[in-house]
Each structure stands twice: as structure tokens, then as C-alpha cells.
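Only one structure is covered here, and it is reproduced in the block below.
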Amino acid sequence: MSAPSPVLAVRGIAKSYGGVRALDGVSFEIAAGELLALIGPNGAGKSTCFNIVNGQLRPDAGTVHILGRDVTGLPPRRIAGLGVGRTFQVAAVFPSMTALENVQMALIAARRGVFGFWHPARRIAREEALALLEQTGMGAQAERPAAALAYGDVKRLELAMALAGEPKLLLMDEPTAGMAAGERREMIALVRRLTRARGLAVLFTEHSMDVVFGHADRAIVLARGRLIADGPVDAVRRDPLVREVYLGGTRPGREARP
Ligand SMILES: Nc1ncnc2c1ncn2[C@@H]1O[C@H](COP(=O)(O)OP(=O)(O)OP(=O)(O)O)[C@@H](O)[C@H]1O
């Protein structure tokens, strides 16, 4: 039996901004159930790579396939419609709505047309929204306005909202940014559990090496637009080139110590 096709396959992507070569022939894959960290020093090309996968940027060369389908250059809405969810560095929730209503809105948005236009929003998909809040550890906060939630809980809420679209691939831009160390570990452990339980493929960028090496399955490392390592986190942590990039002359990222 042949191996199932990867959820995400990136092949030879390149991108320049004027004279700056931000990405140069980068290739990698993610399988279902895998938590993959995209790391590298500041300016290495992480955001550029992320934005090519989510459709915000078109690569100069190379391809992006999602579940075997070529999505290179498709706009973000089309890519989202193919089973790609995302969370943002700055959380995107409606502050005046409760946590529950935020997830209900996400469910409605994910299933445009399925719910009747006249249907009162507060009754729509209540049970489903509550289940998602339970899964992200937010069940007890369901009736609180998002504006009253602690920062870490807003990030969990955002995760519940991203899951409302039943993504196959989840893109997370620094999911633990701004959190205290303990909270960061809890958050990424939650993402890891959900990755396994749902057979999700997750690509995340992260500056905290504790988070990456403690919880990711695999890490890919960019330096000056090139992929310099791709492997299980323990192997990447020991990789001499990775150590040189982080400990050597290039500007390291925050907490950049593999
Ligand atoms: N819109 C742009 N115009 C010109 N140069 C850009 C643009 N966006 C990024 N760059 C350059 O491309 C390179 C890669 O940037 P990118 O933001 O992808 O890196 P990064 O790894 O995400 O960095 P950071 O960790 O600092 O966010 C850098 O040299 C950056 O200055």
C-alpha cells in the first residue's frame, strides 16, 4: 500500500523582495497528526513561508499542495475553504461577545449557507460550540465576554474558533506569544493533544525553544531563506549547523538557544 499523501507539501518555494532573497528553494511536508515547528533567527523567512502557505503571498517559484491539490497562488479565502485553519499572533476575537458566541460565530462562518439567515445566532450550534470550548479547556468560561478573559484564555478561545472550521491543516503564528513559561507549555501541550486526537497537521512558528524542543514532533529550520535542517526535534537540537546559526554571528531570535 502506498503512503498517504502529506497534508501539506511545499516544494522548492522561492520569494524575493526587490534585492532581498527571503526564501530560496524551500521544501518540506507535514503528515496528518504531526506537529511541526518552523523556526529560525529573525529575518530567516518564517513569515514569508507561512504567508505563502496561507495564500497571502504568491511564491516566485515552487509549489504548495494541500491534500494532493495544487493551491499555489490561490487567495487566502480559497485556501481556507480547502480545510486550512489559522490562528494569529494578535488574537482575532469579538471582545463584546461571550466565548460561546465567538465559537458559534466561527461555526456559522465555517458553514455559510447551512444555517438559515433568520435563525437566532444564540441558538445556533450551541452544543457543538460548547464541545469545542470543552476540548480547549475553556468550558467554564463559555458565558464570559471575550474582553474579560485572561490573555492565555483568549488564545485558547481562538484555537476553539479555528477548530470550528474542521481544518485538516492548522497554521499557528506564534501560538504562545506573550504567555508566561508555564502557560506556554500548557498551551502547546493542548495543541499537541488536539493534533493527535483529530489527526490534524499543524505548522507553527515559535520563538521559544523550550516550547519547540519540549513539544513539537519535528522542526524545520530556516536561515537566510534556506532550509538548513528538517528532522525530529532531538536531532535538530543537536545539529551543528543549527547550533551555529543560533549561537553564532547571525542575530538570534528571542530565547534562541537550542
Ligand atoms: N515586504 C517586504 N519588503 C521587503 N523585504 C521584506 C518584506 N518582508 C520581509 N522582508 C525581508 O525578507 C526577509 C525574511 O523576512 P521574514 O519576515 O519572512 O522573516 P522571519 O523569519 O519571519 O523574521 P521574524 O522572526 O523577524 O519575524 C528579511 O530579510 C526581511 O527583511
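Residues in the C-alpha cells are numbered from 1 in each chain, the chains being A, B, ... in the order shown, and ligands are numbered from 1 in the order shown.
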Step one, run DSSP on the backbone; step two, keep only residues of region 24-172 of chain A assigned to alpha helix (DSSP H); then write them as a JSON list (two decimals) with N, CA and C atoms, in the first residue's frame.
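What ended up in result_2.json:
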[["chain", "number", "residue", "atom", "x", "y", "z"],
["A", 46, "LYS", "N", 10.59, 32.99, 7.94],
["A", 46, "LYS", "CA", 9.46, 32.23, 8.52],
["A", 46, "LYS", "C", 8.11, 32.81, 8.10],
["A", 47, "SER", "N", 7.95, 34.14, 8.29],
["A", 47, "SER", "CA", 6.66, 34.75, 7.95],
["A", 47, "SER", "C", 6.38, 34.62, 6.46],
["A", 48, "THR", "N", 7.41, 34.79, 5.66],
["A", 48, "THR", "CA", 7.24, 34.68, 4.21],
["A", 48, "THR", "C", 6.76, 33.28, 3.85],
["A", 49, "CYS", "N", 7.36, 32.28, 4.46],
["A", 49, "CYS", "CA", 6.98, 30.88, 4.21],
["A", 49, "CYS", "C", 5.53, 30.64, 4.63],
["A", 50, "PHE", "N", 5.21, 31.10, 5.82],
["A", 50, "PHE", "CA", 3.86, 30.95, 6.37],
["A", 50, "PHE", "C", 2.83, 31.61, 5.44],
["A", 51, "ASN", "N", 3.16, 32.81, 5.00],
["A", 51, "ASN", "CA", 2.20, 33.57, 4.18],
["A", 51, "ASN", "C", 2.07, 33.02, 2.76],
["A", 52, "ILE", "N", 3.08, 32.30, 2.31],
["A", 52, "ILE", "CA", 2.93, 31.61, 1.01],
["A", 52, "ILE", "C", 1.99, 30.42, 1.19],
["A", 53, "VAL", "N", 2.13, 29.69, 2.30],
["A", 53, "VAL", "CA", 1.25, 28.54, 2.52],
["A", 53, "VAL", "C", -0.21, 28.99, 2.68],
["A", 76, "PRO", "N", -6.23, 33.60, 0.00],
["A", 76, "PRO", "CA", -6.44, 33.01, 1.33],
["A", 76, "PRO", "C", -7.83, 32.42, 1.54],
["A", 77, "ARG", "N", -8.87, 33.05, 1.01],
["A", 77, "ARG", "CA", -10.24, 32.53, 1.21],
["A", 77, "ARG", "C", -10.42, 31.15, 0.59],
["A", 78, "ARG", "N", -9.84, 30.98, -0.61],
["A", 78, "ARG", "CA", -9.95, 29.69, -1.28],
["A", 78, "ARG", "C", -9.17, 28.62, -0.51],
["A", 79, "ILE", "N", -8.00, 29.02, -0.02],
["A", 79, "ILE", "CA", -7.17, 28.05, 0.72],
["A", 79, "ILE", "C", -7.88, 27.68, 2.03],
["A", 80, "ALA", "N", -8.48, 28.66, 2.69],
["A", 80, "ALA", "CA", -9.22, 28.38, 3.94],
["A", 80, "ALA", "C", -10.35, 27.39, 3.64],
["A", 81, "GLY", "N", -11.00, 27.57, 2.50],
["A", 81, "GLY", "CA", -12.11, 26.70, 2.11],
["A", 81, "GLY", "C", -11.70, 25.26, 1.83],
["A", 99, "ALA", "N", -17.43, 33.95, 25.05],
["A", 99, "ALA", "CA", -16.59, 32.94, 24.42],
["A", 99, "ALA", "C", -17.46, 32.02, 23.57],
["A", 100, "LEU", "N", -18.62, 31.62, 24.13],
["A", 100, "LEU", "CA", -19.52, 30.72, 23.41],
["A", 100, "LEU", "C", -19.99, 31.36, 22.10],
["A", 101, "GLU", "N", -20.42, 32.62, 22.17],
["A", 101, "GLU", "CA", -20.91, 33.29, 20.95],
["A", 101, "GLU", "C", -19.79, 33.41, 19.90],
["A", 102, "ASN", "N", -18.58, 33.64, 20.37],
["A", 102, "ASN", "CA", -17.47, 33.72, 19.41],
["A", 102, "ASN", "C", -17.32, 32.40, 18.65],
["A", 103, "VAL", "N", -17.42, 31.28, 19.37],
["A", 103, "VAL", "CA", -17.26, 29.98, 18.70],
["A", 103, "VAL", "C", -18.47, 29.72, 17.80],
["A", 104, "GLN", "N", -19.66, 30.13, 18.27],
["A", 104, "GLN", "CA", -20.86, 29.96, 17.44],
["A", 104, "GLN", "C", -20.70, 30.74, 16.12],
["A", 105, "MET", "N", -20.17, 31.96, 16.23],
["A", 105, "MET", "CA", -19.95, 32.78, 15.02],
["A", 105, "MET", "C", -18.97, 32.07, 14.08],
["A", 106, "ALA", "N", -17.94, 31.48, 14.68],
["A", 106, "ALA", "CA", -16.95, 30.77, 13.85],
["A", 106, "ALA", "C", -17.59, 29.58, 13.15],
["A", 107, "LEU", "N", -18.49, 28.88, 13.86],
["A", 107, "LEU", "CA", -19.19, 27.74, 13.24],
["A", 107, "LEU", "C", -20.08, 28.22, 12.10],
["A", 108, "ILE", "N", -20.77, 29.34, 12.33],
["A", 108, "ILE", "CA", -21.65, 29.89, 11.29],
["A", 108, "ILE", "C", -20.82, 30.29, 10.07],
["A", 109, "ALA", "N", -19.70, 30.98, 10.33],
["A", 109, "ALA", "CA", -18.85, 31.43, 9.22],
["A", 109, "ALA", "C", -18.30, 30.24, 8.44],
["A", 110, "ALA", "N", -17.98, 29.16, 9.19],
["A", 110, "ALA", "CA", -17.40, 27.98, 8.53],
["A", 110, "ALA", "C", -18.42, 27.26, 7.67],
["A", 126, "ARG", "N", -25.07, 25.54, 19.49],
["A", 126, "ARG", "CA", -24.67, 25.75, 20.87],
["A", 126, "ARG", "C", -23.89, 24.55, 21.42],
["A", 127, "GLU", "N", -24.45, 23.37, 21.21],
["A", 127, "GLU", "CA", -23.81, 22.17, 21.77],
["A", 127, "GLU", "C", -22.43, 21.94, 21.17],
["A", 128, "GLU", "N", -22.38, 22.16, 19.86],
["A", 128, "GLU", "CA", -21.10, 21.96, 19.17],
["A", 128, "GLU", "C", -20.05, 22.97, 19.66],
["A", 129, "ALA", "N", -20.50, 24.21, 19.84],
["A", 129, "ALA", "CA", -19.58, 25.26, 20.31],
["A", 129, "ALA", "C", -19.11, 24.94, 21.73],
["A", 130, "LEU", "N", -20.03, 24.46, 22.57],
["A", 130, "LEU", "CA", -19.65, 24.10, 23.94],
["A", 130, "LEU", "C", -18.64, 22.96, 23.93],
["A", 131, "ALA", "N", -18.84, 21.99, 23.03],
["A", 131, "ALA", "CA", -17.90, 20.87, 22.95],
["A", 131, "ALA", "C", -16.51, 21.36, 22.57],
["A", 132, "LEU", "N", -16.44, 22.30, 21.64],
["A", 132, "LEU", "CA", -15.13, 22.83, 21.24],
["A", 132, "LEU", "C", -14.48, 23.59, 22.40],
["A", 133, "LEU", "N", -15.30, 24.31, 23.17],
["A", 133, "LEU", "CA", -14.74, 25.03, 24.32],
["A", 133, "LEU", "C", -14.24, 24.04, 25.37],
["A", 134, "GLU", "N", -14.97, 22.94, 25.56],
["A", 134, "GLU", "CA", -14.51, 21.90, 26.49],
["A", 134, "GLU", "C", -13.16, 21.35, 26.04],
["A", 135, "GLN", "N", -13.07, 21.05, 24.75],
["A", 135, "GLN", "CA", -11.83, 20.44, 24.22],
["A", 135, "GLN", "C", -10.63, 21.35, 24.37],
["A", 151, "TYR", "N", -5.36, 36.58, 29.06],
["A", 151, "TYR", "CA", -4.72, 36.50, 27.74],
["A", 151, "TYR", "C", -4.60, 35.06, 27.22],
["A", 152, "GLY", "N", -4.16, 34.16, 28.10],
["A", 152, "GLY", "CA", -3.99, 32.77, 27.67],
["A", 152, "GLY", "C", -5.32, 32.13, 27.27],
["A", 153, "ASP", "N", -6.40, 32.54, 27.96],
["A", 153, "ASP", "CA", -7.72, 32.00, 27.63],
["A", 153, "ASP", "C", -8.21, 32.54, 26.28],
["A", 154, "VAL", "N", -7.85, 33.76, 25.96],
["A", 154, "VAL", "CA", -8.22, 34.30, 24.63],
["A", 154, "VAL", "C", -7.54, 33.46, 23.54],
["A", 155, "LYS", "N", -6.30, 33.07, 23.80],
["A", 155, "LYS", "CA", -5.60, 32.24, 22.80],
["A", 155, "LYS", "C", -6.25, 30.86, 22.68],
["A", 156, "ARG", "N", -6.75, 30.32, 23.78],
["A", 156, "ARG", "CA", -7.48, 29.03, 23.70],
["A", 156, "ARG", "C", -8.78, 29.20, 22.94],
["A", 157, "LEU", "N", -9.43, 30.33, 23.21],
["A", 157, "LEU", "CA", -10.69, 30.61, 22.50],
["A", 157, "LEU", "C", -10.43, 30.69, 21.00],
["A", 158, "GLU", "N", -9.36, 31.35, 20.65],
["A", 158, "GLU", "CA", -9.03, 31.48, 19.24],
["A", 158, "GLU", "C", -8.77, 30.10, 18.62],
["A", 159, "LEU", "N", -8.17, 29.22, 19.41],
["A", 159, "LEU", "CA", -7.93, 27.86, 18.93],
["A", 159, "LEU", "C", -9.26, 27.14, 18.71],
["A", 160, "ALA", "N", -10.19, 27.28, 19.67],
["A", 160, "ALA", "CA", -11.52, 26.67, 19.51],
["A", 160, "ALA", "C", -12.19, 27.19, 18.24],
["A", 161, "MET", "N", -12.04, 28.50, 17.98],
["A", 161, "MET", "CA", -12.65, 29.09, 16.79],
["A", 161, "MET", "C", -12.01, 28.54, 15.51],
["A", 162, "ALA", "N", -10.71, 28.35, 15.54],
["A", 162, "ALA", "CA", -10.03, 27.80, 14.36],
["A", 162, "ALA", "C", -10.50, 26.37, 14.10],
["A", 163, "LEU", "N", -10.77, 25.61, 15.18],
["A", 163, "LEU", "CA", -11.20, 24.22, 15.03],
["A", 163, "LEU", "C", -12.63, 24.13, 14.51],
["A", 164, "ALA", "N", -13.40, 25.21, 14.67],
["A", 164, "ALA", "CA", -14.80, 25.21, 14.20],
["A", 164, "ALA", "C", -14.87, 24.91, 12.71]]
Show me which residues sit within 9 Å of ligand 1 when counting only C-alpha atoms and all ligand atoms, and put them as a ChimeraX atom specification.
-> /A:15-23,39-51,205-207,222-225,253-254
In Å, rounded to a single decimal, give me how far CA of Gly55 (chain A) is from CA of Asp70 (chain A).
-> 11.9 Å
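Of the residues listed (A:Leu241, A:Ala14, A:Val26, A:Ala37), A:Ala14 shows the shortest atom-to-atom separation from Ala61 (chain A); distances use only C-alpha atoms.
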So that I can see what lies close to Ser27 (chain A), please list as a compact mmCIF listing (two decimals) with N, CA and C atoms, in the first residue's frame the residues with an atom at most 10 Å from it, counting only C-alpha atoms and leaving out residues fewer than 5 positions away in the same chain.
# COMPACT_ATOMS: atom_id res chain seq x y z
N ALA A 9 2.41 19.79 1.31
CA ALA A 9 3.69 19.53 0.63
C ALA A 9 4.15 20.83 -0.02
N VAL A 10 5.27 21.33 0.45
CA VAL A 10 5.86 22.56 -0.09
C VAL A 10 7.09 22.15 -0.88
N ARG A 11 7.18 22.60 -2.14
CA ARG A 11 8.28 22.14 -3.00
C ARG A 11 9.00 23.32 -3.64
N GLY A 12 10.24 23.52 -3.23
CA GLY A 12 11.11 24.48 -3.90
C GLY A 12 10.61 25.91 -3.94
N ILE A 13 9.95 26.36 -2.86
CA ILE A 13 9.42 27.73 -2.93
C ILE A 13 10.53 28.77 -2.77
N ALA A 14 10.39 29.84 -3.55
CA ALA A 14 11.35 30.94 -3.52
C ALA A 14 10.56 32.24 -3.54
N GLY A 62 8.22 27.50 -7.28
CA GLY A 62 7.85 26.41 -6.39
C GLY A 62 6.35 26.23 -6.27
N THR A 63 5.96 25.17 -5.55
CA THR A 63 4.53 24.84 -5.43
C THR A 63 4.14 24.53 -4.00
N VAL A 64 2.84 24.69 -3.73
CA VAL A 64 2.26 24.30 -2.44
C VAL A 64 1.08 23.37 -2.75
N ILE A 220 11.59 22.34 11.44
CA ILE A 220 12.35 22.72 10.26
C ILE A 220 12.97 24.07 10.58
N ARG A 226 17.06 29.82 3.54
CA ARG A 226 17.29 28.43 3.15
C ARG A 226 16.94 27.49 4.29
N LEU A 227 16.47 26.29 3.91
CA LEU A 227 16.17 25.27 4.91
C LEU A 227 17.48 24.60 5.30
N ASP A 230 15.79 19.66 8.97
CA ASP A 230 14.43 19.14 8.97
C ASP A 230 14.50 17.76 9.61
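In this model, the gap between CA of Leu169 (chain A) and CA of Glu186 (chain A) comes to 21.0 Å.
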Using only C-alpha atoms, find each residue in region 195-222 of chain A having at least one atom no more than 6 Å away from region 32-35 of chain A; report its shortest atom-to-atom pair and that distance in Å (one decimal), rows by chain then rising number, as CSV.
residue,atom,partner,partner_atom,distance
A:Thr195,CA,A:Gly33,CA,5.3
A:Arg196,CA,A:Gly33,CA,4.9
A:Gly199,CA,A:Gly33,CA,4.1
A:Leu200,CA,A:Gly33,CA,4.8
A:Ala201,CA,A:Ala32,CA,4.7
A:Val202,CA,A:Leu35,CA,4.9
A:Ala216,CA,A:Leu35,CA,5.3
A:Asp217,CA,A:Leu35,CA,5.3
Output N, CA and C atoms of each residue in that selection to a file, as a PDB file, in the first residue's frame.
ATOM      1  N   THR A 195      -3.811  17.804  18.095  1.00  0.00           N
ATOM      2  CA  THR A 195      -3.187  17.360  16.845  1.00  0.00           C
ATOM      3  C   THR A 195      -3.334  15.846  16.699  1.00  0.00           C
ATOM      4  N   ARG A 196      -3.012  15.147  17.787  1.00  0.00           N
ATOM      5  CA  ARG A 196      -3.106  13.684  17.781  1.00  0.00           C
ATOM      6  C   ARG A 196      -4.567  13.234  17.677  1.00  0.00           C
ATOM      7  N   GLY A 199      -6.134  14.082  14.292  1.00  0.00           N
ATOM      8  CA  GLY A 199      -5.371  13.771  13.087  1.00  0.00           C
ATOM      9  C   GLY A 199      -5.063  15.027  12.280  1.00  0.00           C
ATOM     10  N   LEU A 200      -4.875  16.144  13.018  1.00  0.00           N
ATOM     11  CA  LEU A 200      -4.577  17.422  12.369  1.00  0.00           C
ATOM     12  C   LEU A 200      -3.119  17.457  11.924  1.00  0.00           C
ATOM     13  N   ALA A 201      -2.812  18.274  10.949  1.00  0.00           N
ATOM     14  CA  ALA A 201      -1.418  18.614  10.662  1.00  0.00           C
ATOM     15  C   ALA A 201      -1.257  20.068  11.102  1.00  0.00           C
ATOM     16  N   VAL A 202      -0.276  20.326  11.958  1.00  0.00           N
ATOM     17  CA  VAL A 202      -0.111  21.690  12.480  1.00  0.00           C
ATOM     18  C   VAL A 202       1.281  22.210  12.139  1.00  0.00           C
ATOM     19  N   ALA A 216       7.180  19.788  20.071  1.00  0.00           N
ATOM     20  CA  ALA A 216       6.928  19.527  18.642  1.00  0.00           C
ATOM     21  C   ALA A 216       7.405  18.123  18.284  1.00  0.00           C
ATOM     22  N   ASP A 217       6.826  17.545  17.229  1.00  0.00           N
ATOM     23  CA  ASP A 217       7.306  16.253  16.747  1.00  0.00           C
ATOM     24  C   ASP A 217       8.569  16.448  15.921  1.00  0.00           C
TER      25      ASP A 217
END
